[in-house]
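As structure tokens, the structure follows; a few thoughts come after it.
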Amino acid sequence: MINIYLVRHGQTYLNKYFRIQGSANAPLTVKGVADAVDAGKRLSKIKFDHAYSSDMPRAYDTGKYILQQNPSSLEEPIMDTAFREENFGYFEGNDSEQAWHQIGGPKGMGSYGEMIDKLGMGGTADLIAEADPYGDAETDSDIRARFMPGLKKAIQNAKDGENVLIAAHGTIIRWAIDQFADSSIDVSESILNGSVSKLTAEPDGTNIKVQYYNRTDENV
């Protein structure tokens with residue numbers, strides 16, 4: 001079995017200001033660096049055999065901070081665009097509460113969590129894309145087409161029993177968990193900076209299962 005640890009990047013300035021951050025990027029805050037270092041310490045008893053990140057600096061930097069705390073000889077993650085955050089198109093950089101109300105409010109959903117609870121991650125992505133007047137926001141099928149091949153490649157590059165780190169982003173991690181989780185895991189729950197979510201899979205990329213979501217405790 002392959003162990004895949006998905007870690008959300010540390011807090012950025014756009015996170016701090018409650019701005020939507022997908023294809024846009026802001027650097028880690030002081031707290032964001034601490035989030036990443038703390039995640040690395042919590043994961044330090046797990047030796048990573050492979051490490052990946054999105055190509056966005058906030059995820060790549062988080063991956064480096066995690067590896068600095070790890071007994072692995074890996075110094076930096078391999079960047080892969082498959083693990084990028086969802087592209088929110090026109091809504092990039094907007095005040096998050098205002099944007100979610102604009103998108104979901106007319107349909108009786110006033111927050112991002114309410115949209116996810118009612119529509120799932122895929123349906124929510126499609127709703128955002130439908131609301132984007134420029135047509136740049138990713139749909140569920142867009143996300144699937146780039147993320148799933150990257151995940152399968154990361155799994156198939158590993159050997160049975162190995163541990164894989166993927167430093168990524170809140171929405172893409174929620175989307176991934178939503179694909180494989182049972183009803184006991186609620187991805188409408190906000191995902192925390194520096195939190196760890198775990199998947200397991202067979203070495204051929206089959207039988208992917210969620211072990212847990214959004215942990216910030218020592219039980220990783």
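Each chain in the structure tokens gets a letter, A, B, ..., in the order shown, and its residues are numbered from 1; ligands are numbered from 1 in order too.
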- Message: Can you tell me which residues surround segment 100-106 of chain A at a distance of at most 10 Å, considering only C-alpha atoms, apart from same-chain residues fewer than 5 positions away, and format the answer as a PyMOL selection string?
- Response: chain A and resi 20+91+94-95+111-115+124+127-132
Would you export the selected residues with N, CA, C and O atoms as a PDB file, in the first residue's frame, please?
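Dumped everything to selection-v7.pdb:
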```pdb
ATOM      1  N   ILE A  20     -10.010  35.328  -2.237  1.00  0.00           N
ATOM      2  CA  ILE A  20      -9.975  34.070  -2.986  1.00  0.00           C
ATOM      3  C   ILE A  20      -8.627  33.944  -3.689  1.00  0.00           C
ATOM      4  O   ILE A  20      -8.167  34.863  -4.358  1.00  0.00           O
ATOM      5  N   PHE A  91     -13.216  35.525 -10.241  1.00  0.00           N
ATOM      6  CA  PHE A  91     -13.342  35.738  -8.795  1.00  0.00           C
ATOM      7  C   PHE A  91     -12.006  35.707  -8.057  1.00  0.00           C
ATOM      8  O   PHE A  91     -11.975  35.914  -6.839  1.00  0.00           O
ATOM      9  N   ASN A  94     -10.985  38.265  -5.149  1.00  0.00           N
ATOM     10  CA  ASN A  94     -12.170  38.907  -4.574  1.00  0.00           C
ATOM     11  C   ASN A  94     -12.324  38.554  -3.094  1.00  0.00           C
ATOM     12  O   ASN A  94     -11.849  37.521  -2.634  1.00  0.00           O
ATOM     13  N   ASP A  95     -13.015  39.422  -2.375  1.00  0.00           N
ATOM     14  CA  ASP A  95     -13.398  39.108  -1.007  1.00  0.00           C
ATOM     15  C   ASP A  95     -14.206  37.810  -1.024  1.00  0.00           C
ATOM     16  O   ASP A  95     -15.203  37.700  -1.742  1.00  0.00           O
ATOM     17  N   SER A 111     -22.892  30.658   1.441  1.00  0.00           N
ATOM     18  CA  SER A 111     -21.483  30.505   1.796  1.00  0.00           C
ATOM     19  C   SER A 111     -20.874  29.367   0.985  1.00  0.00           C
ATOM     20  O   SER A 111     -21.584  28.537   0.394  1.00  0.00           O
ATOM     21  N   TYR A 112     -19.548  29.318   0.981  1.00  0.00           N
ATOM     22  CA  TYR A 112     -18.837  28.251   0.267  1.00  0.00           C
ATOM     23  C   TYR A 112     -19.169  26.896   0.882  1.00  0.00           C
ATOM     24  O   TYR A 112     -19.412  25.922   0.157  1.00  0.00           O
ATOM     25  N   GLY A 113     -19.195  26.843   2.212  1.00  0.00           N
ATOM     26  CA  GLY A 113     -19.526  25.598   2.887  1.00  0.00           C
ATOM     27  C   GLY A 113     -20.904  25.088   2.522  1.00  0.00           C
ATOM     28  O   GLY A 113     -21.107  23.883   2.333  1.00  0.00           O
ATOM     29  N   GLU A 114     -21.873  25.991   2.400  1.00  0.00           N
ATOM     30  CA  GLU A 114     -23.233  25.589   2.020  1.00  0.00           C
ATOM     31  C   GLU A 114     -23.265  25.053   0.601  1.00  0.00           C
ATOM     32  O   GLU A 114     -23.981  24.080   0.310  1.00  0.00           O
ATOM     33  N   MET A 115     -22.498  25.666  -0.291  1.00  0.00           N
ATOM     34  CA  MET A 115     -22.439  25.171  -1.668  1.00  0.00           C
ATOM     35  C   MET A 115     -21.862  23.760  -1.709  1.00  0.00           C
ATOM     36  O   MET A 115     -22.391  22.872  -2.397  1.00  0.00           O
ATOM     37  N   THR A 124     -19.839  22.375  -7.002  1.00  0.00           N
ATOM     38  CA  THR A 124     -19.490  23.743  -6.619  1.00  0.00           C
ATOM     39  C   THR A 124     -18.555  24.368  -7.649  1.00  0.00           C
ATOM     40  O   THR A 124     -18.719  25.537  -8.030  1.00  0.00           O
ATOM     41  N   LEU A 127     -20.599  25.386 -10.558  1.00  0.00           N
ATOM     42  CA  LEU A 127     -21.409  26.574 -10.284  1.00  0.00           C
ATOM     43  C   LEU A 127     -20.563  27.841 -10.392  1.00  0.00           C
ATOM     44  O   LEU A 127     -21.010  28.852 -10.960  1.00  0.00           O
ATOM     45  N   ILE A 128     -19.341  27.794  -9.867  1.00  0.00           N
ATOM     46  CA  ILE A 128     -18.437  28.945  -9.955  1.00  0.00           C
ATOM     47  C   ILE A 128     -18.095  29.230 -11.410  1.00  0.00           C
ATOM     48  O   ILE A 128     -18.109  30.387 -11.862  1.00  0.00           O
ATOM     49  N   ALA A 129     -17.804  28.175 -12.157  1.00  0.00           N
ATOM     50  CA  ALA A 129     -17.469  28.349 -13.578  1.00  0.00           C
ATOM     51  C   ALA A 129     -18.641  28.936 -14.354  1.00  0.00           C
ATOM     52  O   ALA A 129     -18.457  29.793 -15.228  1.00  0.00           O
ATOM     53  N   GLU A 130     -19.836  28.502 -14.022  1.00  0.00           N
ATOM     54  CA  GLU A 130     -21.030  29.024 -14.685  1.00  0.00           C
ATOM     55  C   GLU A 130     -21.222  30.510 -14.403  1.00  0.00           C
ATOM     56  O   GLU A 130     -21.692  31.270 -15.256  1.00  0.00           O
ATOM     57  N   ALA A 131     -20.824  30.939 -13.197  1.00  0.00           N
ATOM     58  CA  ALA A 131     -21.003  32.336 -12.802  1.00  0.00           C
ATOM     59  C   ALA A 131     -19.895  33.251 -13.320  1.00  0.00           C
ATOM     60  O   ALA A 131     -20.048  34.477 -13.280  1.00  0.00           O
ATOM     61  N   ASP A 132     -18.791  32.680 -13.793  1.00  0.00           N
ATOM     62  CA  ASP A 132     -17.655  33.479 -14.252  1.00  0.00           C
ATOM     63  C   ASP A 132     -17.968  34.102 -15.619  1.00  0.00           C
ATOM     64  O   ASP A 132     -18.068  33.395 -16.622  1.00  0.00           O
TER      65      ASP A 132
END
```
- Message: Excluding Met148 of chain A and its own-chain neighbours fewer than 4 positions away, which residues fall within 12 Å of it when counting only C-alpha atoms? Please give them as a ChimeraX atom specification.
- Response: /A:81-84,140-144,152-155,172-173,175-177,179-180,205-206,208
Using N, CA, C and O atoms, can you export the residues from the last selection as a PDB file, in the first residue's frame?
```pdb
ATOM      1  N   THR A  81       2.194  20.766 -12.121  1.00  0.00           N
ATOM      2  CA  THR A  81       1.005  21.598 -12.302  1.00  0.00           C
ATOM      3  C   THR A  81      -0.288  20.841 -12.004  1.00  0.00           C
ATOM      4  O   THR A  81      -1.330  21.466 -11.796  1.00  0.00           O
ATOM      5  N   ALA A  82      -0.223  19.518 -11.962  1.00  0.00           N
ATOM      6  CA  ALA A  82      -1.415  18.727 -11.624  1.00  0.00           C
ATOM      7  C   ALA A  82      -1.964  19.108 -10.259  1.00  0.00           C
ATOM      8  O   ALA A  82      -3.174  19.018 -10.016  1.00  0.00           O
ATOM      9  N   PHE A  83      -1.084  19.545  -9.360  1.00  0.00           N
ATOM     10  CA  PHE A  83      -1.478  19.811  -7.985  1.00  0.00           C
ATOM     11  C   PHE A  83      -1.766  21.282  -7.706  1.00  0.00           C
ATOM     12  O   PHE A  83      -1.883  21.699  -6.554  1.00  0.00           O
ATOM     13  N   ARG A  84      -1.896  22.070  -8.787  1.00  0.00           N
ATOM     14  CA  ARG A  84      -2.266  23.480  -8.623  1.00  0.00           C
ATOM     15  C   ARG A  84      -3.636  23.628  -7.970  1.00  0.00           C
ATOM     16  O   ARG A  84      -4.483  22.742  -8.041  1.00  0.00           O
ATOM     17  N   ASP A 140     -15.482  21.094 -12.957  1.00  0.00           N
ATOM     18  CA  ASP A 140     -15.140  19.820 -12.337  1.00  0.00           C
ATOM     19  C   ASP A 140     -14.347  18.948 -13.302  1.00  0.00           C
ATOM     20  O   ASP A 140     -13.329  18.344 -12.923  1.00  0.00           O
ATOM     21  N   SER A 141     -14.753  18.889 -14.537  1.00  0.00           N
ATOM     22  CA  SER A 141     -14.043  18.048 -15.511  1.00  0.00           C
ATOM     23  C   SER A 141     -12.651  18.580 -15.811  1.00  0.00           C
ATOM     24  O   SER A 141     -11.715  17.798 -16.037  1.00  0.00           O
ATOM     25  N   ASP A 142     -12.473  19.912 -15.792  1.00  0.00           N
ATOM     26  CA  ASP A 142     -11.136  20.502 -15.964  1.00  0.00           C
ATOM     27  C   ASP A 142     -10.207  20.058 -14.838  1.00  0.00           C
ATOM     28  O   ASP A 142      -9.048  19.688 -15.077  1.00  0.00           O
ATOM     29  N   ILE A 143     -10.709  20.130 -13.609  1.00  0.00           N
ATOM     30  CA  ILE A 143      -9.899  19.744 -12.449  1.00  0.00           C
ATOM     31  C   ILE A 143      -9.544  18.266 -12.524  1.00  0.00           C
ATOM     32  O   ILE A 143      -8.388  17.871 -12.310  1.00  0.00           O
ATOM     33  N   ARG A 144     -10.520  17.451 -12.839  1.00  0.00           N
ATOM     34  CA  ARG A 144     -10.296  16.006 -12.928  1.00  0.00           C
ATOM     35  C   ARG A 144      -9.238  15.671 -13.991  1.00  0.00           C
ATOM     36  O   ARG A 144      -8.372  14.818 -13.771  1.00  0.00           O
ATOM     37  N   LYS A 152      -2.205   9.719 -10.002  1.00  0.00           N
ATOM     38  CA  LYS A 152      -1.898   8.335 -10.413  1.00  0.00           C
ATOM     39  C   LYS A 152      -0.406   8.181 -10.702  1.00  0.00           C
ATOM     40  O   LYS A 152       0.215   7.166 -10.351  1.00  0.00           O
ATOM     41  N   LYS A 153       0.204   9.180 -11.343  1.00  0.00           N
ATOM     42  CA  LYS A 153       1.642   9.115 -11.642  1.00  0.00           C
ATOM     43  C   LYS A 153       2.460   9.092 -10.348  1.00  0.00           C
ATOM     44  O   LYS A 153       3.415   8.306 -10.231  1.00  0.00           O
ATOM     45  N   ALA A 154       2.089   9.925  -9.378  1.00  0.00           N
ATOM     46  CA  ALA A 154       2.813   9.955  -8.104  1.00  0.00           C
ATOM     47  C   ALA A 154       2.714   8.605  -7.398  1.00  0.00           C
ATOM     48  O   ALA A 154       3.696   8.130  -6.809  1.00  0.00           O
ATOM     49  N   ILE A 155       1.534   7.996  -7.447  1.00  0.00           N
ATOM     50  CA  ILE A 155       1.352   6.683  -6.812  1.00  0.00           C
ATOM     51  C   ILE A 155       2.178   5.629  -7.527  1.00  0.00           C
ATOM     52  O   ILE A 155       2.884   4.823  -6.903  1.00  0.00           O
ATOM     53  N   ILE A 172      -8.152  22.120  -3.833  1.00  0.00           N
ATOM     54  CA  ILE A 172      -7.805  20.919  -4.595  1.00  0.00           C
ATOM     55  C   ILE A 172      -7.715  19.708  -3.676  1.00  0.00           C
ATOM     56  O   ILE A 172      -8.067  18.584  -4.065  1.00  0.00           O
ATOM     57  N   ILE A 173      -7.262  19.899  -2.431  1.00  0.00           N
ATOM     58  CA  ILE A 173      -7.243  18.784  -1.489  1.00  0.00           C
ATOM     59  C   ILE A 173      -8.673  18.372  -1.139  1.00  0.00           C
ATOM     60  O   ILE A 173      -9.004  17.178  -1.114  1.00  0.00           O
ATOM     61  N   TRP A 175     -11.255  18.732  -2.992  1.00  0.00           N
ATOM     62  CA  TRP A 175     -11.790  18.070  -4.181  1.00  0.00           C
ATOM     63  C   TRP A 175     -11.323  16.619  -4.233  1.00  0.00           C
ATOM     64  O   TRP A 175     -12.118  15.708  -4.485  1.00  0.00           O
ATOM     65  N   ALA A 176     -10.019  16.399  -3.980  1.00  0.00           N
ATOM     66  CA  ALA A 176      -9.476  15.038  -4.018  1.00  0.00           C
ATOM     67  C   ALA A 176     -10.114  14.152  -2.953  1.00  0.00           C
ATOM     68  O   ALA A 176     -10.496  13.007  -3.233  1.00  0.00           O
ATOM     69  N   ILE A 177     -10.238  14.669  -1.749  1.00  0.00           N
ATOM     70  CA  ILE A 177     -10.846  13.882  -0.671  1.00  0.00           C
ATOM     71  C   ILE A 177     -12.284  13.536  -1.017  1.00  0.00           C
ATOM     72  O   ILE A 177     -12.756  12.410  -0.788  1.00  0.00           O
ATOM     73  N   GLN A 179     -13.535  12.892  -3.804  1.00  0.00           N
ATOM     74  CA  GLN A 179     -13.629  11.824  -4.802  1.00  0.00           C
ATOM     75  C   GLN A 179     -13.632  10.437  -4.184  1.00  0.00           C
ATOM     76  O   GLN A 179     -14.245   9.503  -4.718  1.00  0.00           O
ATOM     77  N   PHE A 180     -12.951  10.293  -3.059  1.00  0.00           N
ATOM     78  CA  PHE A 180     -12.689   8.961  -2.515  1.00  0.00           C
ATOM     79  C   PHE A 180     -13.250   8.725  -1.110  1.00  0.00           C
ATOM     80  O   PHE A 180     -13.185   7.604  -0.599  1.00  0.00           O
ATOM     81  N   GLY A 205      -2.206   2.213  -8.527  1.00  0.00           N
ATOM     82  CA  GLY A 205      -3.068   3.389  -8.560  1.00  0.00           C
ATOM     83  C   GLY A 205      -4.535   3.104  -8.339  1.00  0.00           C
ATOM     84  O   GLY A 205      -5.368   4.009  -8.445  1.00  0.00           O
ATOM     85  N   THR A 206      -4.870   1.877  -7.999  1.00  0.00           N
ATOM     86  CA  THR A 206      -6.263   1.507  -7.747  1.00  0.00           C
ATOM     87  C   THR A 206      -6.558   1.503  -6.248  1.00  0.00           C
ATOM     88  O   THR A 206      -5.661   1.655  -5.419  1.00  0.00           O
ATOM     89  N   ILE A 208      -8.018   3.589  -4.171  1.00  0.00           N
ATOM     90  CA  ILE A 208      -7.644   4.783  -3.417  1.00  0.00           C
ATOM     91  C   ILE A 208      -8.685   5.030  -2.334  1.00  0.00           C
ATOM     92  O   ILE A 208      -9.885   5.065  -2.615  1.00  0.00           O
TER      93      ILE A 208
END
```
- Surrounding residues of Asp136 of chain A excluding itself and chain neighbours under 3 positions, 9 Å, only C-alpha atoms, as a PyMOL selection string: chain A and resi 87-90+129+132-133
- Task: Pick out the closest residue to Ser53 of chain A from this set: A:Leu199, A:Ala24, A:Leu151, A:Met121. Count only C-alpha atoms.
- Result: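 Distance minimum relative to Ser53 of chain A lands on A:Leu151.
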- What residues in chain A get the DSSP label strand (DSSP E)? Please answer as JSON, numbers by chain. {"A": [2, 3, 4, 5, 6, 7, 8, 50, 51, 52, 53, 78, 79, 163, 164, 165, 166, 167, 168, 196, 197, 198, 199, 200, 201, 209, 210, 211, 212, 213, 214, 215]}
Write a file of the just-selected residues containing N, CA and C atoms, as a compact mmCIF listing (two decimals), in the first residue's frame.
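As a result, again.txt now contains:
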```
# COMPACT_ATOMS: atom_id res chain seq x y z
N ILE A 2 0.51 2.23 -0.79
CA ILE A 2 1.20 3.53 -0.85
C ILE A 2 0.47 4.51 0.07
N ASN A 3 1.23 5.27 0.85
CA ASN A 3 0.66 6.29 1.74
C ASN A 3 0.88 7.67 1.13
N ILE A 4 -0.19 8.42 0.93
CA ILE A 4 -0.10 9.75 0.32
C ILE A 4 -0.57 10.80 1.33
N TYR A 5 0.32 11.72 1.69
CA TYR A 5 0.01 12.76 2.66
C TYR A 5 -0.17 14.09 1.92
N LEU A 6 -1.38 14.59 1.92
CA LEU A 6 -1.71 15.86 1.27
C LEU A 6 -1.69 16.96 2.32
N VAL A 7 -0.84 17.95 2.14
CA VAL A 7 -0.71 19.03 3.13
C VAL A 7 -1.08 20.36 2.48
N ARG A 8 -2.00 21.07 3.13
CA ARG A 8 -2.31 22.40 2.64
C ARG A 8 -1.20 23.36 3.02
N HIS A 50 9.12 10.13 -1.51
CA HIS A 50 8.87 10.99 -2.66
C HIS A 50 8.16 12.25 -2.16
N ALA A 51 8.42 13.37 -2.81
CA ALA A 51 7.78 14.62 -2.42
C ALA A 51 7.43 15.44 -3.66
N TYR A 52 6.21 15.94 -3.69
CA TYR A 52 5.72 16.74 -4.80
C TYR A 52 5.04 17.99 -4.24
N SER A 53 4.89 18.96 -5.10
CA SER A 53 4.09 20.13 -4.74
C SER A 53 3.49 20.69 -6.02
N ILE A 78 9.20 17.97 -5.95
CA ILE A 78 9.11 18.08 -7.41
C ILE A 78 7.82 18.84 -7.74
N MET A 79 7.93 19.92 -8.48
CA MET A 79 6.75 20.71 -8.82
C MET A 79 5.96 20.06 -9.95
N ASN A 163 6.10 6.25 1.32
CA ASN A 163 5.35 7.43 1.75
C ASN A 163 5.57 8.58 0.78
N VAL A 164 4.48 9.22 0.39
CA VAL A 164 4.52 10.29 -0.60
C VAL A 164 3.94 11.56 0.02
N LEU A 165 4.68 12.66 -0.07
CA LEU A 165 4.21 13.97 0.34
C LEU A 165 3.74 14.74 -0.88
N ILE A 166 2.55 15.37 -0.77
CA ILE A 166 2.09 16.31 -1.79
C ILE A 166 1.68 17.60 -1.08
N ALA A 167 2.46 18.65 -1.26
CA ALA A 167 2.14 19.97 -0.70
C ALA A 167 1.27 20.70 -1.72
N ALA A 168 0.05 20.99 -1.33
CA ALA A 168 -0.90 21.53 -2.31
C ALA A 168 -1.77 22.61 -1.67
N VAL A 196 -3.11 18.15 7.50
CA VAL A 196 -2.71 16.94 6.78
C VAL A 196 -3.95 16.09 6.50
N SER A 197 -4.07 15.62 5.27
CA SER A 197 -5.08 14.66 4.89
C SER A 197 -4.36 13.47 4.26
N LYS A 198 -4.89 12.28 4.47
CA LYS A 198 -4.16 11.08 4.03
C LYS A 198 -5.00 10.19 3.13
N LEU A 199 -4.38 9.76 2.02
CA LEU A 199 -4.94 8.75 1.14
C LEU A 199 -4.04 7.52 1.18
N THR A 200 -4.60 6.36 0.91
CA THR A 200 -3.81 5.17 0.63
C THR A 200 -4.25 4.60 -0.71
N ALA A 201 -3.35 3.90 -1.37
CA ALA A 201 -3.66 3.34 -2.68
C ALA A 201 -2.79 2.12 -2.94
N LYS A 209 -8.22 5.19 -1.11
CA LYS A 209 -9.12 5.40 0.02
C LYS A 209 -8.65 6.57 0.88
N VAL A 210 -9.60 7.24 1.53
CA VAL A 210 -9.30 8.33 2.46
C VAL A 210 -9.15 7.75 3.86
N GLN A 211 -8.02 8.05 4.48
CA GLN A 211 -7.80 7.62 5.87
C GLN A 211 -8.23 8.70 6.86
N TYR A 212 -7.99 9.95 6.50
CA TYR A 212 -8.47 11.06 7.33
C TYR A 212 -8.35 12.36 6.55
N TYR A 213 -9.00 13.40 7.10
CA TYR A 213 -9.05 14.71 6.44
C TYR A 213 -8.78 15.82 7.44
N ASN A 214 -7.91 16.77 7.06
CA ASN A 214 -7.81 18.07 7.75
C ASN A 214 -7.32 17.95 9.19
N ARG A 215 -6.29 17.16 9.42
CA ARG A 215 -5.76 17.01 10.79
C ARG A 215 -4.65 18.00 11.07
```
